[in-house]
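Visitor: structure.pdb is reproduced below (PDB, C-alpha atoms and all ligand atoms).
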ATOM      1  CA  MET A   1     -72.671-104.273-180.902
ATOM      2  CA  GLN A   2     -75.600-102.017-181.824
ATOM      3  CA  ASP A   3     -76.616 -99.484-179.133
ATOM      4  CA  SER A   4     -80.007-101.097-178.578
ATOM      5  CA  GLU A   5     -78.494-104.582-178.343
ATOM      6  CA  LYS A   6     -76.020-103.303-175.748
ATOM      7  CA  LEU A   7     -78.810-101.634-173.759
ATOM      8  CA  ILE A   8     -80.865-104.842-173.730
ATOM      9  CA  SER A   9     -77.837-106.905-172.765
ATOM     10  CA  ASP A  10     -76.914-104.460-169.939
ATOM     11  CA  LEU A  11     -80.517-104.490-168.745
ATOM     12  CA  LYS A  12     -80.555-108.289-168.660
ATOM     13  CA  ASP A  13     -77.275-108.262-166.692
ATOM     14  CA  ALA A  14     -78.730-105.721-164.216
ATOM     15  CA  PHE A  15     -81.682-108.100-163.635
ATOM     16  CA  VAL A  16     -79.314-111.026-163.148
ATOM     17  CA  ASN A  17     -77.163-109.000-160.732
ATOM     18  CA  ILE A  18     -80.317-107.918-158.839
ATOM     19  CA  ASP A  19     -79.275-104.278-159.240
ATOM     20  CA  SER A  20     -82.604-102.496-159.060
ATOM     21  CA  ALA A  21     -81.239 -98.917-159.406
ATOM     22  CA  GLN A  22     -79.459 -99.940-162.604
ATOM     23  CA  VAL A  23     -82.589-101.763-163.852
ATOM     24  CA  ASN A  24     -84.734 -98.631-163.363
ATOM     25  CA  ASP A  25     -82.189 -96.454-165.119
ATOM     26  CA  LEU A  26     -81.707 -98.793-168.087
ATOM     27  CA  LEU A  27     -85.450 -99.441-168.436
ATOM     28  CA  LYS A  28     -86.046 -95.714-168.889
ATOM     29  CA  GLN A  29     -83.171 -95.462-171.377
ATOM     30  CA  ALA A  30     -84.461 -98.450-173.341
ATOM     31  CA  ILE A  31     -87.958 -96.981-173.689
ATOM     32  CA  GLU A  32     -86.586 -93.528-174.533
ATOM     33  CA  SER A  33     -84.450 -95.002-177.290
ATOM     34  CA  GLY A  34     -87.519 -96.642-178.840
ATOM     35  CA  ILE A  35     -86.964-100.294-177.862
ATOM     36  CA  SER A  36     -90.337-102.052-177.713
ATOM     37  CA  PRO A  37     -91.779-103.450-174.458
ATOM     38  CA  LYS A  38     -91.990-106.812-176.277
ATOM     39  CA  MET A  39     -88.227-106.843-176.864
ATOM     40  CA  ILE A  40     -87.562-105.768-173.264
ATOM     41  CA  ILE A  41     -89.814-108.494-171.835
ATOM     42  CA  GLU A  42     -88.480-111.320-173.973
ATOM     43  CA  LYS A  43     -84.773-110.427-174.255
ATOM     44  CA  ALA A  44     -84.074-108.765-170.919
ATOM     45  CA  ILE A  45     -86.715-109.837-168.373
ATOM     46  CA  ARG A  46     -87.375-113.427-169.436
ATOM     47  CA  GLN A  47     -83.796-114.259-170.323
ATOM     48  CA  GLY A  48     -82.651-112.521-167.126
ATOM     49  CA  ALA A  49     -85.112-114.689-165.155
ATOM     50  CA  ASP A  50     -83.697-117.795-166.837
ATOM     51  CA  GLU A  51     -80.182-116.854-165.721
ATOM     52  CA  VAL A  52     -81.368-116.145-162.170
ATOM     53  CA  GLY A  53     -83.029-119.588-162.241
ATOM     54  CA  LYS A  54     -79.762-121.198-163.380
ATOM     55  CA  LYS A  55     -77.828-119.457-160.598
ATOM     56  CA  TYR A  56     -80.419-120.734-158.115
ATOM     57  CA  GLU A  57     -80.001-124.286-159.459
ATOM     58  CA  ALA A  58     -76.214-123.928-159.173
ATOM     59  CA  CYS A  59     -76.578-122.737-155.537
ATOM     60  CA  GLU A  60     -74.997-119.389-156.426
ATOM     61  CA  TYR A  61     -78.302-117.704-155.528
ATOM     62  CA  PHE A  62     -80.788-118.622-152.809
ATOM     63  CA  LEU A  63     -84.420-117.838-152.000
ATOM     64  CA  PRO A  64     -83.837-114.127-151.128
ATOM     65  CA  GLU A  65     -82.384-113.543-154.616
ATOM     66  CA  LEU A  66     -85.373-115.332-156.223
ATOM     67  CA  VAL A  67     -87.730-113.130-154.189
ATOM     68  CA  MET A  68     -85.851-109.938-155.111
ATOM     69  CA  SER A  69     -85.718-110.839-158.795
ATOM     70  CA  GLY A  70     -89.475-111.509-158.732
ATOM     71  CA  GLU A  71     -90.121-108.098-157.151
ATOM     72  CA  MET A  72     -87.861-106.342-159.673
ATOM     73  CA  MET A  73     -89.638-108.010-162.583
ATOM     74  CA  LYS A  74     -93.029-107.014-161.189
ATOM     75  CA  GLU A  75     -91.904-103.385-160.894
ATOM     76  CA  ALA A  76     -90.566-103.463-164.445
ATOM     77  CA  ILE A  77     -93.897-104.763-165.745
ATOM     78  CA  THR A  78     -95.796-102.054-163.848
ATOM     79  CA  PHE A  79     -93.552 -99.508-165.589
ATOM     80  CA  LEU A  80     -93.961-101.111-169.035
ATOM     81  CA  LYS A  81     -97.707-101.767-168.864
ATOM     82  CA  PRO A  82     -98.897 -98.281-169.938
ATOM     83  CA  LYS A  83     -96.346 -98.352-172.768
ATOM     84  CA  MET A  84     -97.743-101.459-174.394
ATOM     85  CA  GLN A  85     -99.720-100.141-177.327
ATOM     86  CA  ALA A  86    -103.309-101.286-177.658
ATOM     87  CA  GLU A  87    -103.442-103.370-180.815
ATOM     88  CA  GLY A  88    -106.226-102.919-183.352
ATOM     89  CA  ILE A  89    -108.904-104.484-181.222
ATOM     90  CA  THR A  90    -110.939-106.853-183.331
ATOM     91  CA  SER A  91    -111.670-109.574-180.871
ATOM     92  CA  SER A  92    -112.745-109.540-177.283
ATOM     93  CA  GLY A  93    -114.005-112.074-174.839
ATOM     94  CA  LYS A  94    -114.185-112.942-171.193
ATOM     95  CA  ILE A  95    -111.205-114.689-169.612
ATOM     96  CA  ILE A  96    -110.662-116.160-166.145
ATOM     97  CA  PHE A  97    -106.957-116.486-165.265
ATOM     98  CA  GLY A  98    -105.068-117.955-162.333
ATOM     99  CA  THR A  99    -101.904-119.717-161.199
ATOM    100  CA  VAL A 100    -102.686-123.262-160.077
ATOM    101  CA  LYS A 101    -102.833-124.569-156.514
ATOM    102  CA  GLY A 102     -99.480-124.792-154.722
ATOM    103  CA  ASP A 103     -97.821-122.316-157.082
ATOM    104  CA  LEU A 104     -96.994-118.722-156.077
ATOM    105  CA  HIS A 105     -95.365-117.527-159.323
ATOM    106  CA  ASP A 106     -97.241-114.639-160.899
ATOM    107  CA  VAL A 107     -94.817-112.471-162.884
ATOM    108  CA  GLY A 108     -95.486-114.352-166.154
ATOM    109  CA  LYS A 109     -99.227-114.557-165.464
ATOM    110  CA  ASN A 110     -99.355-110.800-164.881
ATOM    111  CA  ILE A 111     -97.533-110.091-168.158
ATOM    112  CA  VAL A 112     -99.940-112.333-170.078
ATOM    113  CA  ILE A 113    -102.923-110.644-168.381
ATOM    114  CA  SER A 114    -101.583-107.177-169.289
ATOM    115  CA  MET A 115    -101.167-108.195-172.929
ATOM    116  CA  LEU A 116    -104.602-109.813-173.117
ATOM    117  CA  SER A 117    -106.137-106.696-171.571
ATOM    118  CA  VAL A 118    -104.488-104.323-174.045
ATOM    119  CA  ALA A 119    -105.733-106.628-176.813
ATOM    120  CA  GLY A 120    -109.302-106.000-175.626
ATOM    121  CA  PHE A 121    -110.064-109.044-173.498
ATOM    122  CA  ASP A 122    -111.947-108.709-170.233
ATOM    123  CA  VAL A 123    -109.690-110.625-167.835
ATOM    124  CA  THR A 124    -110.484-111.611-164.248
ATOM    125  CA  ASP A 125    -107.334-112.410-162.267
ATOM    126  CA  LEU A 126    -107.881-115.068-159.600
ATOM    127  CA  GLY A 127    -104.308-114.652-158.334
ATOM    128  CA  VAL A 128    -101.953-117.433-157.298
ATOM    129  CA  ASP A 129    -102.382-120.758-155.482
ATOM    130  CA  VAL A 130    -105.899-121.088-156.889
ATOM    131  CA  PRO A 131    -107.663-124.273-155.735
ATOM    132  CA  PRO A 132    -109.401-126.290-158.483
ATOM    133  CA  GLU A 133    -112.812-125.669-156.870
ATOM    134  CA  LYS A 134    -112.304-121.933-157.363
ATOM    135  CA  PHE A 135    -111.554-122.343-161.095
ATOM    136  CA  ILE A 136    -114.652-124.535-161.419
ATOM    137  CA  SER A 137    -117.002-122.192-159.557
ATOM    138  CA  GLU A 138    -115.748-119.215-161.593
ATOM    139  CA  VAL A 139    -116.385-121.082-164.860
ATOM    140  CA  GLU A 140    -119.849-122.007-163.633
ATOM    141  CA  THR A 141    -120.897-118.561-162.419
ATOM    142  CA  LYS A 142    -118.991-116.157-164.707
ATOM    143  CA  THR A 143    -119.290-118.228-167.917
ATOM    144  CA  PRO A 144    -115.961-117.061-169.417
ATOM    145  CA  ASN A 145    -115.067-117.810-173.031
ATOM    146  CA  ILE A 146    -111.578-118.910-172.006
ATOM    147  CA  LEU A 147    -110.052-120.322-168.827
ATOM    148  CA  CYS A 148    -106.301-119.623-168.606
ATOM    149  CA  MET A 149    -104.076-121.434-166.136
ATOM    150  CA  SER A 150    -100.418-120.893-165.347
ATOM    151  CA  SER A 151     -97.958-123.331-163.741
ATOM    152  CA  LEU A 152     -94.277-122.591-163.110
ATOM    153  CA  LEU A 153     -93.322-125.682-161.147
ATOM    154  CA  THR A 154     -92.975-129.218-162.458
ATOM    155  CA  HIS A 155     -94.815-130.508-159.406
ATOM    156  CA  THR A 156     -97.807-128.164-159.859
ATOM    157  CA  MET A 157     -98.329-129.068-163.532
ATOM    158  CA  PRO A 158    -100.618-132.032-162.646
ATOM    159  CA  GLU A 159    -103.017-129.430-161.198
ATOM    160  CA  LEU A 160    -103.744-128.368-164.787
ATOM    161  CA  ASP A 161    -104.858-131.903-165.571
ATOM    162  CA  ASN A 162    -106.794-132.066-162.308
ATOM    163  CA  VAL A 163    -108.850-128.995-163.243
ATOM    164  CA  MET A 164    -109.501-130.459-166.722
ATOM    165  CA  GLU A 165    -110.818-133.669-165.135
ATOM    166  CA  ILE A 166    -113.125-131.800-162.747
ATOM    167  CA  LEU A 167    -114.437-129.615-165.594
ATOM    168  CA  LYS A 168    -115.340-132.814-167.435
ATOM    169  CA  LYS A 169    -116.929-134.415-164.381
ATOM    170  CA  GLU A 170    -119.031-131.315-163.712
ATOM    171  CA  GLY A 171    -120.269-131.170-167.330
ATOM    172  CA  LEU A 172    -118.503-127.829-167.919
ATOM    173  CA  ARG A 173    -115.777-128.899-170.334
ATOM    174  CA  GLU A 174    -117.759-128.084-173.492
ATOM    175  CA  LYS A 175    -118.707-124.663-172.121
ATOM    176  CA  VAL A 176    -115.231-123.135-171.938
ATOM    177  CA  LYS A 177    -111.994-123.144-173.944
ATOM    178  CA  VAL A 178    -108.902-123.874-171.878
ATOM    179  CA  MET A 179    -105.464-122.363-172.470
ATOM    180  CA  VAL A 180    -102.432-123.380-170.407
ATOM    181  CA  GLY A 181     -98.884-122.058-170.097
ATOM    182  CA  GLY A 182     -95.901-121.455-167.847
ATOM    183  CA  ARG A 183     -92.241-122.357-167.982
ATOM    184  CA  PRO A 184     -92.364-126.191-167.668
ATOM    185  CA  VAL A 185     -95.599-126.513-169.689
ATOM    186  CA  THR A 186     -95.229-127.683-173.299
ATOM    187  CA  LYS A 187     -97.492-128.068-176.303
ATOM    188  CA  ASP A 188     -97.200-131.832-175.871
ATOM    189  CA  TYR A 189     -98.371-131.594-172.290
ATOM    190  CA  ALA A 190    -101.261-129.318-173.279
ATOM    191  CA  ASP A 191    -102.282-131.871-175.948
ATOM    192  CA  LYS A 192    -101.948-134.718-173.470
ATOM    193  CA  ILE A 193    -104.398-133.138-171.005
ATOM    194  CA  LYS A 194    -106.627-132.124-173.950
ATOM    195  CA  ALA A 195    -106.403-128.374-173.355
ATOM    196  CA  ASP A 196    -107.632-126.337-176.324
ATOM    197  CA  SER A 197    -104.541-124.201-176.470
ATOM    198  CA  TYR A 198    -100.995-123.604-175.261
ATOM    199  CA  GLY A 199     -99.023-120.348-175.340
ATOM    200  CA  LYS A 200     -95.278-120.120-174.849
ATOM    201  CA  ASP A 201     -95.343-116.408-174.025
ATOM    202  CA  ALA A 202     -97.653-113.411-173.722
ATOM    203  CA  TYR A 203     -97.701-112.715-177.468
ATOM    204  CA  ASP A 204     -98.554-116.302-178.244
ATOM    205  CA  ALA A 205    -101.291-116.112-175.616
ATOM    206  CA  VAL A 206    -102.922-113.137-177.365
ATOM    207  CA  GLU A 207    -102.776-114.849-180.778
ATOM    208  CA  GLU A 208    -104.169-118.057-179.300
ATOM    209  CA  ALA A 209    -106.946-116.230-177.450
ATOM    210  CA  LYS A 210    -107.992-114.525-180.701
ATOM    211  CA  ARG A 211    -107.928-117.877-182.488
ATOM    212  CA  LEU A 212    -110.051-119.505-179.777
ATOM    213  CA  MET A 213    -112.608-116.695-179.980
ATOM    214  CA  ALA A 214    -112.980-117.356-183.701
ATOM    215  CA  VAL A 215    -113.614-121.086-183.140
ATOM    216  CA  LYS A 216    -117.284-121.835-182.660
TER     217      LYS A 216
HETATM  218  C1  LIG B 301     -88.955-115.210-159.475
HETATM  219  C2  LIG B 301     -89.028-116.683-159.156
HETATM  220  C3  LIG B 301     -89.617-117.050-157.943
HETATM  221  C4  LIG B 301     -90.327-116.051-157.025
HETATM  222  C5  LIG B 301     -91.720-115.773-157.664
HETATM  223  C6  LIG B 301     -92.192-114.350-157.411
HETATM  224  C7  LIG B 301     -93.465-114.078-158.155
HETATM  225  N1  LIG B 301     -94.216-113.173-157.585
HETATM  226  O1  LIG B 301     -93.776-114.639-159.193
HETATM  227  C8  LIG B 301     -90.415-116.849-155.678
HETATM  228  C9  LIG B 301     -89.288-116.451-154.776
HETATM  229  C10 LIG B 301     -91.729-116.704-154.902
HETATM  230  C11 LIG B 301     -90.160-118.284-156.149
HETATM  231  C12 LIG B 301     -90.405-119.365-155.347
HETATM  232  C13 LIG B 301     -90.089-120.669-155.693
HETATM  233  N2  LIG B 301     -89.491-121.093-156.798
HETATM  234 CO1  LIG B 301     -89.210-119.928-158.334
HETATM  235  N3  LIG B 301     -88.521-118.947-159.735
HETATM  236  C14 LIG B 301     -88.514-117.667-160.065
HETATM  237  C15 LIG B 301     -87.791-117.427-161.414
HETATM  238  C16 LIG B 301     -86.358-116.941-161.129
HETATM  239  C17 LIG B 301     -88.454-116.455-162.357
HETATM  240  C18 LIG B 301     -89.929-116.759-162.711
HETATM  241  C19 LIG B 301     -90.435-115.637-163.578
HETATM  242  O2  LIG B 301     -91.058-114.716-163.066
HETATM  243  N4  LIG B 301     -90.056-115.651-164.879
HETATM  244  C20 LIG B 301     -90.286-114.533-165.815
HETATM  245  C21 LIG B 301     -91.610-114.649-166.520
HETATM  246  C22 LIG B 301     -91.769-113.470-167.475
HETATM  247  O3  LIG B 301     -91.595-115.831-167.281
HETATM  248  P1  LIG B 301     -92.652-117.006-167.075
HETATM  249  O4  LIG B 301     -93.120-117.015-165.668
HETATM  250  O5  LIG B 301     -92.086-118.245-167.646
HETATM  251  O6  LIG B 301     -93.928-116.549-167.925
HETATM  252  C23 LIG B 301     -93.941-116.478-169.345
HETATM  253  C24 LIG B 301     -94.346-117.799-170.024
HETATM  254  O7  LIG B 301     -94.061-118.955-169.260
HETATM  255  C25 LIG B 301     -95.787-117.615-170.371
HETATM  256  N5  LIG B 301     -96.831-117.985-169.410
HETATM  257  C26 LIG B 301     -96.808-118.034-168.068
HETATM  258  N6  LIG B 301     -98.007-118.404-167.597
HETATM  259  C27 LIG B 301     -98.821-118.574-168.650
HETATM  260  C28 LIG B 301    -100.163-118.952-168.721
HETATM  261  C29 LIG B 301    -100.772-119.069-169.976
HETATM  262  C30 LIG B 301    -102.199-119.477-170.060
HETATM  263  C31 LIG B 301    -100.011-118.815-171.150
HETATM  264  C32 LIG B 301    -100.633-118.964-172.472
HETATM  265  C33 LIG B 301     -98.658-118.445-171.083
HETATM  266  C34 LIG B 301     -98.082-118.324-169.828
HETATM  267  O8  LIG B 301     -95.880-116.230-170.646
HETATM  268  C35 LIG B 301     -95.069-115.508-169.702
HETATM  269  C36 LIG B 301     -94.630-114.207-170.312
HETATM  270  O9  LIG B 301     -93.871-114.365-171.475
HETATM  271  C37 LIG B 301     -87.841-118.872-162.034
HETATM  272  C38 LIG B 301     -86.779-119.186-163.089
HETATM  273  C39 LIG B 301     -87.349-119.071-164.502
HETATM  274  N7  LIG B 301     -86.479-119.078-165.468
HETATM  275  O10 LIG B 301     -88.531-119.019-164.762
HETATM  276  C40 LIG B 301     -87.779-119.741-160.785
HETATM  277  C41 LIG B 301     -88.346-121.203-160.773
HETATM  278  C42 LIG B 301     -89.649-121.229-161.600
HETATM  279  N8  LIG B 301     -88.617-121.438-159.360
HETATM  280  C43 LIG B 301     -88.283-122.616-159.012
HETATM  281  C44 LIG B 301     -88.400-123.120-157.687
HETATM  282  C45 LIG B 301     -87.801-124.487-157.426
HETATM  283  C46 LIG B 301     -89.040-122.379-156.669
HETATM  284  C47 LIG B 301     -89.299-122.818-155.229
HETATM  285  C48 LIG B 301     -89.780-124.285-155.062
HETATM  286  C49 LIG B 301     -88.020-122.540-154.401
HETATM  287  C50 LIG B 301     -88.064-122.995-152.960
HETATM  288  N9  LIG B 301     -87.147-123.884-152.628
HETATM  289  O11 LIG B 301     -88.884-122.597-152.187
HETATM  290  C51 LIG B 301     -90.372-121.806-154.752
HETATM  291  C52 LIG B 301     -91.803-122.331-154.987
HETATM  292  C53 LIG B 301     -92.834-121.426-154.360
HETATM  293  C54 LIG B 301     -94.225-121.789-154.849
HETATM  294  N10 LIG B 301     -94.926-122.601-154.056
HETATM  295  O12 LIG B 301     -94.625-121.377-155.909
HETATM  296  C55 LIG B 301     -87.770-123.455-160.186
HETATM  297  C56 LIG B 301     -88.818-124.449-160.696
HETATM  298  C57 LIG B 301     -88.207-125.785-161.067
HETATM  299  C58 LIG B 301     -89.284-126.705-161.571
HETATM  300  N11 LIG B 301     -89.158-127.084-162.833
HETATM  301  O13 LIG B 301     -90.187-127.071-160.899
HETATM  302  C59 LIG B 301     -87.330-122.334-161.203
HETATM  303  C60 LIG B 301     -87.419-122.760-162.682
HETATM  304  C61 LIG B 301     -85.872-121.949-160.816
HETATM  305  C62 LIG B 301     -84.876-123.054-161.092
HETATM  306  N12 LIG B 301     -84.250-123.063-162.250
HETATM  307  O14 LIG B 301     -84.677-123.902-160.256
HETATM  308  N13 LIG B 301     -89.659-118.321-157.380
END
Turn this file's structure into structure tokens for me.
Guide:
Amino acid sequence: MQDSEKLISDLKDAFVNIDSAQVNDLLKQAIESGISPKMIIEKAIRQGADEVGKKYEACEYFLPELVMSGEMMKEAITFLKPKMQAEGITSSGKIIFGTVKGDLHDVGKNIVISMLSVAGFDVTDLGVDVPPEKFISEVETKTPNILCMSSLLTHTMPELDNVMEILKKEGLREKVKVMVGGRPVTKDYADKIKADSYGKDAYDAVEEAKRLMAVK
């Protein structure tokens, strides 16, 4: 196995084993050896989170492990954030971003926000458990170009649709582009609720946001 592949694989295992000292050590080594934050996020953090999720489903891990893995991922993102290179900034726009009502997951949202920010977007983070009325009032008063919503739970996904319906009812739907994402969210679901865009990860989100800004 190549050195960098081994480092990434060890880092993923350290996440899965909830070994935060090992995670910190390997994160530093990975950056020093030139592995990109993108690779670290997708191959170690996201895949590590998937394995933690599987262990939780299999009752090998319980809520404390989920909480600890969430905290470790947040710390890793804080460390990686300044290392994400600003891309050639050609597009910018105003974005309002939040995790939908009933949902407390924010690691993925925070990664997407970091990437959008380094790509030149002006992002307002509404946090987690955001009630639909809050999304609506922010669209009304801040007039963002794009509204981004995240959902990590199957049972909070209908909140995405709920916000779309209220936007329509309030006559705001034509005034803002809507992008949705999160682990259970699919392109099919985004199409079904008539969102303008879906992103599977942070890099997709940046590409999609640029595309939406180009659409009149
Ligand atoms: C850490 C974690 C937690 C932590 C969250 C901490 C935090 N601050 O976020 C805590 C402990 C709070 C938690 C709680 C719960 N969790 Co949880 N959790 C996870 C876990 C292990 C990791 C999530 C994560 O951070 N992933 C890493 C990030 C990088 O990935 P991501 O979130 O998918 O984000 C990426 C993309 O989806 C995308 N993206 C995300 N949002 C958006 C938005 C837009 C607009 C775009 C374009 C893209 C995009 O880009 C991101 C970056 O690449 C997942 C398992 C998993 N594989 O996801 C379970 C999981 C999501 N949780 C689950 C469950 C069941 C729960 C609880 C109900 C458990 C309980 N019994 O209480 C509670 C619910 C609490 C609530 N009301 O929200 C289930 C959900 C099952 C389902 N389909 O509904 C999962 C899948 C675990 C499992 N396999 O069972 N959890």
Visitor: Evaluate the PyMOL selection byres (((not hetatm)) within 7 of (chain B and resi 301)) and record the selected residues as a PyMOL selection string, following the chain and residue labels used in the document.
Guide: chain A and resi 41-42+45-46+49-54+56-57+63-64+66-67+69-71+73+102-109+111-112+148-155+179-184+198-202+204-205
Visitor: Could you name the residues that touch region 134-140 of chain A at 8 Å or less, counting only C-alpha atoms, but leaving out those on the same chain fewer than 3 positions away, as a PyMOL selection string?
Guide: chain A and resi 96+98+130-131+143-144+147+163+166-167+172+176
Visitor: Find the distance between CA of Lys187 (chain A) and CA of Val206 (chain A) and write it in Å to one decimal.
Guide: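 Rounded to one decimal, the two atoms are 15.9 Å apart.
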Visitor: Mind pulling up the distance from CA of Tyr189 (chain A) to CA of Thr141 (chain A)?
Guide: 27.8 Å
Visitor: Find the spatial neighbours of Met84 (chain A), counting only C-alpha atoms, within a cut-off of 8 Å - ignore same-chain residues fewer than 6 positions away - and output them as a PDB file with C-alpha atoms, in the frame of the given file.
Guide:
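Listed below is the output, part_10.pdb:
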ATOM      1  CA  PRO A  37     -91.779-103.450-174.458  1.00  0.00           C
ATOM      2  CA  MET A 115    -101.167-108.195-172.929  1.00  0.00           C
ATOM      3  CA  VAL A 118    -104.488-104.323-174.045  1.00  0.00           C
TER       4      VAL A 118
END
Visitor: Can you list, as an MDAnalysis selection string, the residues that the PyMOL selection byres (((chain A and resi 35) around 12) and not hetatm) selects here?
Guide: chainID A and resid 3:8 11 26:34 36:44 80 83:84
Visitor: By how many Å are CA of Ile18 (chain A) and CA of Met68 (chain A) apart?
Guide: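 Spanning CA of Ile18 (chain A) to CA of Met68 (chain A) is a straight-line distance of 7.0 Å.
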Visitor: Which residue is closest to Met157 (chain A)? Choose from A:Ala119, A:Ala195, A:Val100, A:Leu212 and count all atoms listed in the file.
Guide: A:Val100
Visitor: Counting only C-alpha atoms, which of A:Gly48, A:Asn162, A:Lys175, A:Glu170 gets nearest to Lys12 (chain A)?
Guide: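 Looking only at the distances to Lys12 (chain A), the closest residue turns out to be A:Gly48.
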Visitor: Could you state which residues are captured by the PyMOL selection byres (((chain A and resi 121) around 9) and not hetatm) in this file, as a PyMOL selection string?
Guide: chain A and resi 91-95+113+115-120+122-123+209
Visitor: A:Lys81, A:Lys194, A:Gly127, A:Met72: which is nearest Gln22 (chain A), counting all atoms listed in the file?
Guide: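 For Gln22 (chain A), the nearest of the given residues is A:Met72.
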Visitor: Assuming 3 Å of padding per side, give the centre and edge lengths of the axis-aligned box around every listed atom of region 177-190 of chain A, in Å to one decimal and as lines of an AutoDock Vina configuration file.
Guide:
center_x = -102.1
center_y = -126.6
center_z = -172.0
size_x = 25.8
size_y = 16.4
size_z = 14.6
